[in-house]
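As stored in model.json (JSON, C-alpha atoms and all ligand atoms):
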[["chain", "number", "residue", "atom", "x", "y", "z"],
["A", 1, "MET", "CA", -81.90, -9.56, 144.71],
["A", 2, "SER", "CA", -83.91, -11.69, 142.29],
["A", 3, "TYR", "CA", -83.22, -15.10, 140.77],
["A", 4, "PHE", "CA", -83.77, -16.30, 137.21],
["A", 5, "VAL", "CA", -83.40, -19.53, 135.26],
["A", 6, "VAL", "CA", -82.28, -19.28, 131.63],
["A", 7, "PHE", "CA", -82.42, -22.01, 128.96],
["A", 8, "GLN", "CA", -79.64, -21.43, 126.47],
["A", 9, "ASN", "CA", -79.26, -24.79, 124.78],
["A", 10, "LYS", "CA", -78.24, -23.55, 121.34],
["A", 11, "THR", "CA", -76.58, -20.34, 122.36],
["A", 12, "PHE", "CA", -74.96, -21.09, 125.74],
["A", 13, "GLU", "CA", -71.37, -21.19, 124.48],
["A", 14, "GLU", "CA", -71.70, -17.93, 122.59],
["A", 15, "GLU", "CA", -73.46, -16.12, 125.38],
["A", 16, "LYS", "CA", -70.91, -17.36, 127.92],
["A", 17, "GLU", "CA", -68.05, -16.33, 125.65],
["A", 18, "GLY", "CA", -69.52, -12.85, 125.27],
["A", 19, "GLN", "CA", -70.63, -12.65, 128.95],
["A", 20, "TYR", "CA", -74.21, -11.69, 128.19],
["A", 21, "LEU", "CA", -77.77, -12.96, 127.76],
["A", 22, "TRP", "CA", -79.79, -12.02, 124.74],
["A", 23, "ALA", "CA", -83.49, -12.46, 123.91],
["A", 24, "PRO", "CA", -85.62, -11.09, 121.07],
["A", 25, "GLN", "CA", -88.15, -8.37, 121.80],
["A", 26, "LYS", "CA", -90.83, -9.85, 119.53],
["A", 27, "ASN", "CA", -91.45, -13.03, 117.55],
["A", 28, "ASN", "CA", -92.02, -13.01, 113.80],
["A", 29, "GLN", "CA", -95.70, -12.33, 114.37],
["A", 30, "GLY", "CA", -94.69, -9.15, 116.18],
["A", 31, "ARG", "CA", -95.66, -10.44, 119.62],
["A", 32, "GLY", "CA", -93.63, -10.19, 122.80],
["A", 33, "LEU", "CA", -93.43, -13.31, 124.96],
["A", 34, "PHE", "CA", -93.29, -13.38, 128.76],
["A", 35, "HIS", "CA", -90.07, -15.42, 128.84],
["A", 36, "TRP", "CA", -88.34, -12.76, 126.73],
["A", 37, "GLU", "CA", -89.93, -9.79, 128.46],
["A", 38, "SER", "CA", -88.56, -11.13, 131.76],
["A", 39, "MET", "CA", -85.20, -9.72, 130.57],
["A", 40, "MET", "CA", -86.57, -6.31, 131.52],
["A", 41, "ARG", "CA", -86.88, -7.35, 135.15],
["A", 42, "VAL", "CA", -83.21, -8.26, 135.59],
["A", 43, "ARG", "CA", -81.28, -5.86, 137.81],
["A", 44, "PRO", "CA", -77.54, -5.67, 138.51],
["A", 45, "GLY", "CA", -76.66, -8.14, 141.25],
["A", 46, "ASP", "CA", -79.39, -10.63, 140.31],
["A", 47, "ILE", "CA", -78.41, -14.29, 139.94],
["A", 48, "ILE", "CA", -79.20, -16.14, 136.71],
["A", 49, "PHE", "CA", -78.86, -19.94, 136.51],
["A", 50, "SER", "CA", -77.88, -21.29, 133.08],
["A", 51, "MET", "CA", -79.47, -24.58, 132.05],
["A", 52, "PHE", "CA", -77.87, -26.64, 129.31],
["A", 53, "ARG", "CA", -78.98, -30.17, 128.38],
["A", 54, "GLN", "CA", -80.97, -30.56, 131.61],
["A", 55, "HIS", "CA", -78.08, -29.52, 133.81],
["A", 56, "LEU", "CA", -77.36, -26.40, 135.79],
["A", 57, "VAL", "CA", -74.04, -25.46, 134.20],
["A", 58, "SER", "CA", -73.32, -21.88, 135.21],
["A", 59, "VAL", "CA", -74.28, -19.41, 137.93],
["A", 60, "ASN", "CA", -74.24, -15.92, 136.51],
["A", 61, "LEU", "CA", -74.29, -12.49, 138.07],
["A", 62, "ALA", "CA", -76.15, -9.76, 136.20],
["A", 63, "LYS", "CA", -73.94, -6.71, 135.76],
["A", 64, "GLU", "CA", -76.41, -4.27, 134.26],
["A", 65, "GLN", "CA", -80.04, -3.79, 133.37],
["A", 66, "ALA", "CA", -81.19, -4.94, 129.93],
["A", 67, "ILE", "CA", -80.30, -2.69, 127.02],
["A", 68, "GLU", "CA", -81.65, -2.81, 123.48],
["A", 69, "ALA", "CA", -79.21, -4.67, 121.24],
["A", 70, "PRO", "CA", -79.15, -6.31, 117.80],
["A", 71, "ASN", "CA", -79.42, -10.09, 117.46],
["A", 72, "PRO", "CA", -75.91, -11.51, 117.92],
["A", 73, "PHE", "CA", -76.91, -14.94, 116.52],
["A", 74, "LEU", "CA", -77.99, -13.95, 113.03],
["A", 75, "ASN", "CA", -75.63, -16.53, 111.56],
["A", 76, "HIS", "CA", -77.78, -19.25, 113.18],
["A", 77, "GLU", "CA", -80.54, -18.66, 110.62],
["A", 78, "THR", "CA", -83.02, -18.02, 113.39],
["A", 79, "THR", "CA", -86.44, -16.64, 112.65],
["A", 80, "TRP", "CA", -86.10, -14.23, 115.53],
["A", 81, "GLU", "CA", -86.38, -10.54, 115.06],
["A", 82, "ARG", "CA", -83.22, -8.55, 114.76],
["A", 83, "THR", "CA", -83.76, -6.37, 117.81],
["A", 84, "GLY", "CA", -83.66, -7.72, 121.32],
["A", 85, "TRP", "CA", -82.69, -7.24, 124.93],
["A", 86, "LEU", "CA", -79.16, -7.79, 126.12],
["A", 87, "VAL", "CA", -78.10, -8.23, 129.75],
["A", 88, "LYS", "CA", -74.40, -8.20, 130.58],
["A", 89, "ALA", "CA", -73.57, -10.98, 133.02],
["A", 90, "GLU", "CA", -70.54, -12.49, 134.69],
["A", 91, "TYR", "CA", -70.61, -16.24, 133.99],
["A", 92, "ASN", "CA", -69.34, -18.69, 136.60],
["A", 93, "GLU", "CA", -69.30, -22.02, 134.79],
["A", 94, "LEU", "CA", -69.53, -25.00, 137.13],
["A", 95, "PRO", "CA", -66.76, -27.60, 136.76],
["A", 96, "ASN", "CA", -69.33, -30.10, 138.08],
["A", 97, "PRO", "CA", -72.75, -29.33, 136.56],
["A", 98, "VAL", "CA", -75.86, -30.22, 138.57],
["A", 99, "SER", "CA", -78.31, -32.71, 137.05],
["A", 100, "ILE", "CA", -81.87, -31.38, 137.20],
["A", 101, "LYS", "CA", -83.30, -34.90, 136.86],
["A", 102, "GLU", "CA", -81.49, -36.08, 139.99],
["A", 103, "HIS", "CA", -83.19, -33.38, 142.02],
["A", 104, "ARG", "CA", -86.45, -33.39, 140.12],
["A", 105, "GLU", "CA", -88.77, -33.99, 143.07],
["A", 106, "ASP", "CA", -87.44, -31.13, 145.18],
["A", 107, "ILE", "CA", -87.26, -28.83, 142.19],
["A", 108, "LEU", "CA", -90.86, -29.51, 141.15],
["A", 109, "LYS", "CA", -92.06, -28.67, 144.66],
["A", 110, "LEU", "CA", -90.37, -25.27, 144.35],
["A", 111, "CYS", "CA", -91.68, -24.47, 140.86],
["A", 112, "PRO", "CA", -94.43, -21.86, 140.66],
["A", 113, "PRO", "CA", -97.78, -23.12, 139.28],
["A", 114, "LYS", "CA", -97.70, -20.50, 136.54],
["A", 115, "TYR", "CA", -94.70, -19.76, 134.30],
["A", 116, "SER", "CA", -92.73, -22.66, 135.74],
["A", 117, "PRO", "CA", -89.28, -23.12, 134.20],
["A", 118, "PHE", "CA", -89.58, -26.93, 134.47],
["A", 119, "THR", "CA", -92.24, -29.38, 133.29],
["A", 120, "ARG", "CA", -93.67, -32.15, 135.48],
["A", 121, "THR", "CA", -91.13, -34.59, 134.00],
["A", 122, "GLY", "CA", -88.26, -32.34, 135.00],
["A", 123, "GLY", "CA", -87.53, -31.13, 131.48],
["A", 124, "GLY", "CA", -87.20, -27.48, 130.60],
["A", 125, "THR", "CA", -90.26, -25.50, 129.60],
["A", 126, "GLN", "CA", -90.17, -24.04, 126.10],
["A", 127, "GLY", "CA", -88.87, -20.61, 126.80],
["A", 128, "TYR", "CA", -85.84, -18.50, 127.62],
["A", 129, "LEU", "CA", -85.75, -16.61, 130.92],
["A", 130, "PHE", "CA", -87.91, -17.41, 133.97],
["A", 131, "GLU", "CA", -87.97, -15.51, 137.23],
["A", 132, "ILE", "CA", -88.03, -17.78, 140.29],
["A", 133, "ASP", "CA", -88.57, -16.96, 143.95],
["A", 134, "GLU", "CA", -85.92, -16.63, 146.63],
["A", 135, "THR", "CA", -86.43, -20.11, 148.15],
["A", 136, "PHE", "CA", -86.04, -21.74, 144.76],
["A", 137, "GLY", "CA", -83.05, -19.55, 143.93],
["A", 138, "GLU", "CA", -81.29, -20.33, 147.18],
["A", 139, "TYR", "CA", -81.96, -24.03, 146.67],
["A", 140, "LEU", "CA", -80.32, -23.99, 143.21],
["A", 141, "LEU", "CA", -77.43, -21.99, 144.64],
["A", 142, "SER", "CA", -76.95, -24.62, 147.36],
["A", 143, "LEU", "CA", -76.98, -27.42, 144.76],
["A", 144, "ALA", "CA", -74.34, -25.59, 142.76],
["A", 145, "ARG", "CA", -72.22, -25.02, 145.85],
["A", 146, "LYS", "CA", -72.42, -28.65, 146.97],
["A", 147, "ASN", "CA", -69.90, -29.82, 144.36],
["A", 148, "ASN", "CA", -68.33, -26.61, 143.19],
["A", 149, "TYR", "CA", -66.37, -23.72, 144.57],
["A", 150, "LEU", "CA", -68.50, -20.74, 143.64],
["A", 151, "SER", "CA", -66.97, -17.32, 143.56],
["A", 152, "VAL", "CA", -70.15, -15.46, 142.65],
["A", 153, "LYS", "CA", -69.85, -11.94, 143.94],
["A", 154, "GLU", "CA", -73.29, -11.24, 145.29],
["A", 155, "ILE", "CA", -74.46, -7.88, 146.50],
["A", 156, "ASN", "CA", -77.68, -7.38, 148.39],
["A", 157, "GLU", "CA", -80.44, -4.89, 147.80],
["A", 158, "GLU", "CA", -79.25, -2.47, 150.47],
["A", 159, "GLU", "CA", -75.76, -2.42, 148.96],
["A", 160, "PHE", "CA", -77.14, -1.89, 145.49],
["A", 161, "LYS", "CA", -79.29, 0.98, 146.72],
["A", 162, "GLU", "CA", -76.32, 2.69, 148.30],
["A", 163, "ILE", "CA", -74.18, 2.25, 145.17],
["A", 164, "LYS", "CA", -76.99, 3.64, 143.05],
["A", 165, "GLU", "CA", -77.33, 6.68, 145.33],
["A", 166, "ILE", "CA", -73.63, 7.43, 145.14],
["A", 167, "GLU", "CA", -73.52, 6.88, 141.38],
["A", 168, "ASP", "CA", -76.43, 9.30, 140.98],
["A", 169, "LEU", "CA", -74.45, 11.90, 142.89],
["A", 170, "LEU", "CA", -71.46, 11.58, 140.63],
["A", 171, "ASP", "CA", -71.65, 13.89, 137.72],
["A", 172, "GLN", "CA", -69.54, 12.49, 134.89],
["A", 173, "THR", "CA", -68.50, 15.96, 133.82],
["A", 174, "ARG", "CA", -66.83, 16.69, 137.12],
["A", 175, "ASP", "CA", -63.23, 15.73, 137.51],
["A", 176, "GLN", "CA", -61.95, 12.48, 138.96],
["A", 177, "THR", "CA", -60.56, 14.02, 142.14],
["A", 178, "GLU", "CA", -63.88, 15.69, 142.87],
["A", 179, "ASN", "CA", -65.72, 12.43, 142.26],
["A", 180, "GLU", "CA", -63.44, 10.49, 144.58],
["A", 181, "ARG", "CA", -63.99, 13.18, 147.23],
["A", 182, "ILE", "CA", -67.75, 12.77, 146.95],
["A", 183, "VAL", "CA", -67.41, 9.00, 147.20],
["A", 184, "LYS", "CA", -65.21, 9.33, 150.27],
["A", 185, "GLY", "CA", -67.73, 11.56, 151.96],
["A", 186, "ARG", "CA", -70.62, 9.20, 151.27],
["A", 187, "ILE", "CA", -68.68, 6.04, 152.01],
["A", 188, "GLY", "CA", -67.77, 7.51, 155.41],
["A", 189, "GLN", "CA", -71.42, 7.33, 156.45],
["A", 190, "GLY", "CA", -72.27, 4.06, 154.79],
["A", 191, "LEU", "CA", -72.02, 0.31, 154.63],
["A", 192, "PHE", "CA", -68.37, 0.17, 153.58],
["A", 193, "LYS", "CA", -67.12, 1.91, 156.73],
["A", 194, "GLN", "CA", -69.50, -0.13, 158.89],
["A", 195, "LYS", "CA", -68.05, -3.32, 157.44],
["A", 196, "LEU", "CA", -64.50, -2.16, 158.17],
["A", 197, "LEU", "CA", -65.41, -1.01, 161.68],
["A", 198, "SER", "CA", -66.86, -4.44, 162.40],
["A", 199, "ARG", "CA", -63.38, -5.88, 161.75],
["A", 200, "SER", "CA", -61.33, -3.32, 163.62],
["A", 201, "SER", "CA", -61.84, 0.03, 165.29],
["A", 202, "GLU", "CA", -58.44, 1.59, 164.78],
["A", 203, "CYS", "CA", -56.11, 2.90, 162.09],
["A", 204, "GLU", "CA", -54.33, -0.13, 160.64],
["A", 205, "ILE", "CA", -51.03, 1.75, 160.65],
["A", 206, "CYS", "CA", -50.87, 3.87, 163.80],
["A", 207, "GLY", "CA", -53.69, 2.50, 165.97],
["A", 208, "LEU", "CA", -55.62, 5.77, 166.31],
["A", 209, "ASP", "CA", -59.07, 4.74, 167.51],
["A", 210, "ILE", "CA", -61.26, 7.84, 167.33],
["A", 211, "SER", "CA", -63.88, 6.49, 164.95],
["A", 212, "SER", "CA", -64.99, 9.90, 163.65],
["A", 213, "LEU", "CA", -61.41, 10.47, 162.46],
["A", 214, "LEU", "CA", -61.09, 7.12, 160.74],
["A", 215, "ILE", "CA", -61.57, 6.87, 156.99],
["A", 216, "ALA", "CA", -62.63, 3.83, 155.00],
["A", 217, "SER", "CA", -60.00, 3.91, 152.29],
["A", 218, "HIS", "CA", -60.35, 2.00, 149.01],
["A", 219, "CYS", "CA", -57.32, 0.07, 147.71],
["A", 220, "LYS", "CA", -58.89, -0.09, 144.26],
["A", 221, "PRO", "CA", -60.84, 3.16, 143.87],
["A", 222, "TRP", "CA", -64.59, 3.42, 143.33],
["A", 223, "SER", "CA", -64.25, 4.55, 139.73],
["A", 224, "GLN", "CA", -62.17, 1.48, 138.81],
["A", 225, "SER", "CA", -64.23, -1.04, 140.79],
["A", 226, "ASP", "CA", -67.29, -3.08, 139.88],
["A", 227, "ASN", "CA", -70.31, -2.93, 142.16],
["A", 228, "TYR", "CA", -69.13, -5.83, 144.28],
["A", 229, "GLU", "CA", -65.64, -4.41, 144.73],
["A", 230, "ARG", "CA", -67.02, -1.00, 145.67],
["A", 231, "LEU", "CA", -68.41, -2.20, 148.98],
["A", 232, "ASP", "CA", -66.21, -5.26, 149.52],
["A", 233, "ALA", "CA", -64.55, -4.92, 152.93],
["A", 234, "ASP", "CA", -61.46, -6.66, 151.52],
["A", 235, "ASN", "CA", -61.03, -3.69, 149.21],
["A", 236, "GLY", "CA", -60.79, -1.39, 152.21],
["A", 237, "LEU", "CA", -58.33, -0.28, 154.84],
["A", 238, "LEU", "CA", -59.42, 1.65, 157.90],
["A", 239, "LEU", "CA", -56.96, 4.51, 158.22],
["A", 240, "CYS", "CA", -56.62, 7.81, 160.06],
["A", 241, "ALA", "CA", -56.83, 10.97, 157.93],
["A", 242, "ASN", "CA", -53.05, 11.26, 157.74],
["A", 243, "HIS", "CA", -52.47, 7.67, 156.63],
["A", 244, "ASP", "CA", -55.48, 7.70, 154.33],
["A", 245, "GLY", "CA", -53.90, 10.71, 152.59],
["A", 246, "VAL", "CA", -50.53, 9.06, 151.97],
["A", 247, "PHE", "CA", -52.12, 5.73, 150.96],
["A", 248, "ASP", "CA", -54.60, 7.39, 148.61],
["A", 249, "LYS", "CA", -51.87, 9.42, 146.91],
["A", 250, "GLY", "CA", -49.77, 6.30, 146.45],
["A", 251, "LEU", "CA", -46.98, 7.54, 148.70],
["A", 252, "ILE", "CA", -47.24, 4.24, 150.57],
["A", 253, "SER", "CA", -48.55, 0.79, 149.74],
["A", 254, "PHE", "CA", -48.19, -2.73, 151.14],
["A", 255, "SER", "CA", -46.59, -5.94, 149.95],
["A", 256, "SER", "CA", -48.56, -9.21, 149.82],
["A", 257, "ASP", "CA", -47.44, -10.04, 153.35],
["A", 258, "GLY", "CA", -48.47, -6.66, 154.73],
["A", 259, "GLN", "CA", -45.04, -5.03, 154.82],
["A", 260, "ILE", "CA", -45.20, -1.27, 154.24],
["A", 261, "LEU", "CA", -43.68, 0.10, 151.03],
["A", 262, "ILE", "CA", -42.80, 3.78, 151.21],
["A", 263, "SER", "CA", -42.40, 5.66, 147.94],
["A", 264, "SER", "CA", -39.02, 7.21, 147.23],
["A", 265, "LYS", "CA", -40.96, 10.47, 146.80],
["A", 266, "VAL", "CA", -41.27, 10.67, 150.58],
["A", 267, "GLU", "CA", -38.04, 12.04, 151.99],
["A", 268, "GLN", "CA", -36.76, 10.33, 155.13],
["A", 269, "LYS", "CA", -36.99, 13.58, 157.14],
["A", 270, "ASN", "CA", -40.76, 13.45, 156.60],
["A", 271, "TYR", "CA", -41.18, 9.91, 157.97],
["A", 272, "PRO", "CA", -41.65, 10.99, 161.60],
["A", 273, "LEU", "CA", -43.89, 13.87, 160.58],
["A", 274, "LEU", "CA", -46.13, 11.42, 158.73],
["A", 275, "ASN", "CA", -45.84, 8.84, 161.50],
["A", 276, "LEU", "CA", -44.25, 6.33, 159.10],
["A", 277, "ASN", "CA", -41.33, 3.92, 159.41],
["A", 278, "GLN", "CA", -40.03, 0.94, 157.45],
["A", 279, "GLN", "CA", -40.98, -1.51, 160.23],
["A", 280, "ILE", "CA", -44.74, -1.05, 159.81],
["A", 281, "ARG", "CA", -46.56, -4.24, 158.90],
["A", 282, "ILE", "CA", -50.33, -4.73, 158.77],
["A", 283, "ASN", "CA", -52.45, -7.89, 158.87],
["A", 284, "ILE", "CA", -53.99, -8.69, 155.54],
["A", 285, "THR", "CA", -56.40, -11.41, 154.44],
["A", 286, "ALA", "CA", -55.99, -13.57, 151.33],
["A", 287, "ASN", "CA", -58.73, -11.63, 149.56],
["A", 288, "GLN", "CA", -57.08, -8.29, 150.36],
["A", 289, "LYS", "CA", -53.95, -9.33, 148.45],
["A", 290, "VAL", "CA", -55.61, -8.91, 145.06],
["A", 291, "TYR", "CA", -56.72, -5.37, 145.87],
["A", 292, "LEU", "CA", -53.33, -4.42, 147.29],
["A", 293, "GLU", "CA", -51.68, -5.80, 144.18],
["A", 294, "TRP", "CA", -53.85, -3.39, 142.19],
["A", 295, "HIS", "CA", -52.84, -0.54, 144.49],
["A", 296, "ARG", "CA", -49.12, -1.33, 144.14],
["A", 297, "ALA", "CA", -49.34, -1.59, 140.35],
["A", 298, "ASN", "CA", -51.50, 1.46, 139.75],
["A", 299, "LYS", "CA", -51.07, 3.87, 142.65],
["A", 300, "LEU", "CA", -47.70, 3.46, 144.30],
["A", 301, "GLN", "CA", -45.43, 6.25, 143.10],
["Q", 1, "ZN", "ZN", -52.92, 6.29, 161.25]]
So, in terms of structure tokens, how does the structure I just supplied come out?
Amino acid sequence: MSYFVVFQNKTFEEEKEGQYLWAPQKNNQGRGLFHWESMMRVRPGDIIFSMFRQHLVSVNLAKEQAIEAPNPFLNHETTWERTGWLVKAEYNELPNPVSIKEHREDILKLCPPKYSPFTRTGGGTQGYLFEIDETFGEYLLSLARKNNYLSVKEINEEEFKEIKEIEDLLDQTRDQTENERIVKGRIGQGLFKQKLLSRSSECEICGLDISSLLIASHCKPWSQSDNYERLDADNGLLLCANHDGVFDKGLISFSSDGQILISSKVEQKNYPLLNLNQQIRINITANQKVYLEWHRANKLQ
């Protein structure tokens, strides 16, 4: 994961509103500038700190690599070229912005000698997007967290690599069921199942504890999830093959307090055959509730 600092003084509100960053490819002399070309180095999962009037005002998560896109600010009478780079990002605006001046000394120590985002007086360098190193990035993140609750959904490099590998396997022309089957197969050997196994080693419903028979089941499926949700342990339930099947098909779900909900499509005579009963209740965390809500609304039959 990489970190960046972006100066958006004139365009912050618009970029936040549209959940993106945009920089021109070339100036009116036809030259590219390093603080625009840095857009090309942004990868999904990177953190970008928005600076506005000498304050850190938003901590943003890059969602995708830069794509070529027309200038969205043409009404500002800028002299910029029409074509530029656009990076989609999730903005997390800080209710309590961090003053750069107040932390100037520490920040200056962390600035690189070349291409520094800040000047010796603590002001912003003329420029748009600056890559910073991990120590600097973590320091800014800690400043933001000091006075704000930050819900930035970070993923690490290993997670991103795994997601990329699975995505590469998925052929868009194949059908949804086939894709979900591929995901299930890959997930079963990967980080998602490891995360779930570190919480519990048995089926949440029946207690079966043969790990090779346990499946890491998504509440919100891969195809509907963003990269963070795809490997978020809170989006998962560890289930035996039987219970994974009924959960996946929406024949059962769970209420916000973990009470089982059995679809009317399952006839009572099948309850014992499926090892189900109305008394089943599982432990769920606060973060799991959101995913289960999705499952109830979209999957439960
Ligand atoms: Zn089970």
For this session: With a distance cut-off of 12 Å and all atoms listed in the file, select the neighbouring residues of Leu231 of chain A, excluding the residue or stretch itself and same-chain residues fewer than 3 positions from it, and output the selection as a count of residues only.
Result: 38
For this session: Please extract the residues at most 9 Å from ligand ZN 1 (chain Q), counting only C-alpha atoms and all ligand atoms, and provide them as a PyMOL selection string, using the chain letters and residue numbers of this document.
Result: chain A and resi 202-209+214+238-244+274-276
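Between atom CA of Ser223 of chain A and atom CA of Tyr91 of chain A there is a distance of 22.5 Å.
In this structure, atom CA of Val152 of chain A sits 8.5 Å away from atom CA of Glu90 of chain A.
All residues of protein, DNA or RNA that reach within 9 Å of Lys289 of chain A, judged by all atoms listed in the file and not counting those fewer than 2 positions away in the chain, are Asp234, Ser255, Ser256, Asp257, Gly258, Ile284, Thr285, Ala286, Asn287, Tyr291, Leu292, Glu293 and Trp294 of chain A.
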Problem set entry | d(atom CA of Trp85 of chain A, atom CA of Met39 of chain A) in Å | 6.7 Å
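The residues that lie within 10 Å of the point (-79.3, -33.4, 129.6), counting all atoms listed in the file, are Asn9, Met51, Phe52, Arg53, Gln54, His55, Leu56, Ser99, Ile100, Lys101, Gly123 and Gly124 of chain A.
Using only C-alpha atoms, the nearest neighbour of Phe247 of chain A within the list A:Tyr115, A:Asp232, A:Gln301, A:Gln176 is A:Gln301.
Nearest to Ser2 of chain A of all the residues A:Thr119, A:Gln224, A:Thr135, A:Ser142 is A:Thr135, counting only C-alpha atoms.
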For this session: Choose the residue, out of A:Glu64, A:Glu134, A:Glu105, A:Glu157, that has the smallest atom-to-atom separation from Gln19 of chain A; count only C-alpha atoms.
Result: A:Glu64
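Proximity of A:Glu93, A:Glu102, A:Glu165, A:Asp171 to Ser151 of chain A, computed with all atoms listed in the file, is greatest for A:Glu93.
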For this session: Can you work out which one of A:Ser212, A:Gln65, A:Ser38, A:Thr83 has the shortest atom-to-atom distance to Pro24 of chain A, counting all atoms listed in the file?
Result: A:Thr83
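Among the candidates A:Pro97, A:Gly84, A:Pro44, A:Pro117, the one nearest to Asn27 of chain A when counting all atoms listed in the file is A:Gly84.
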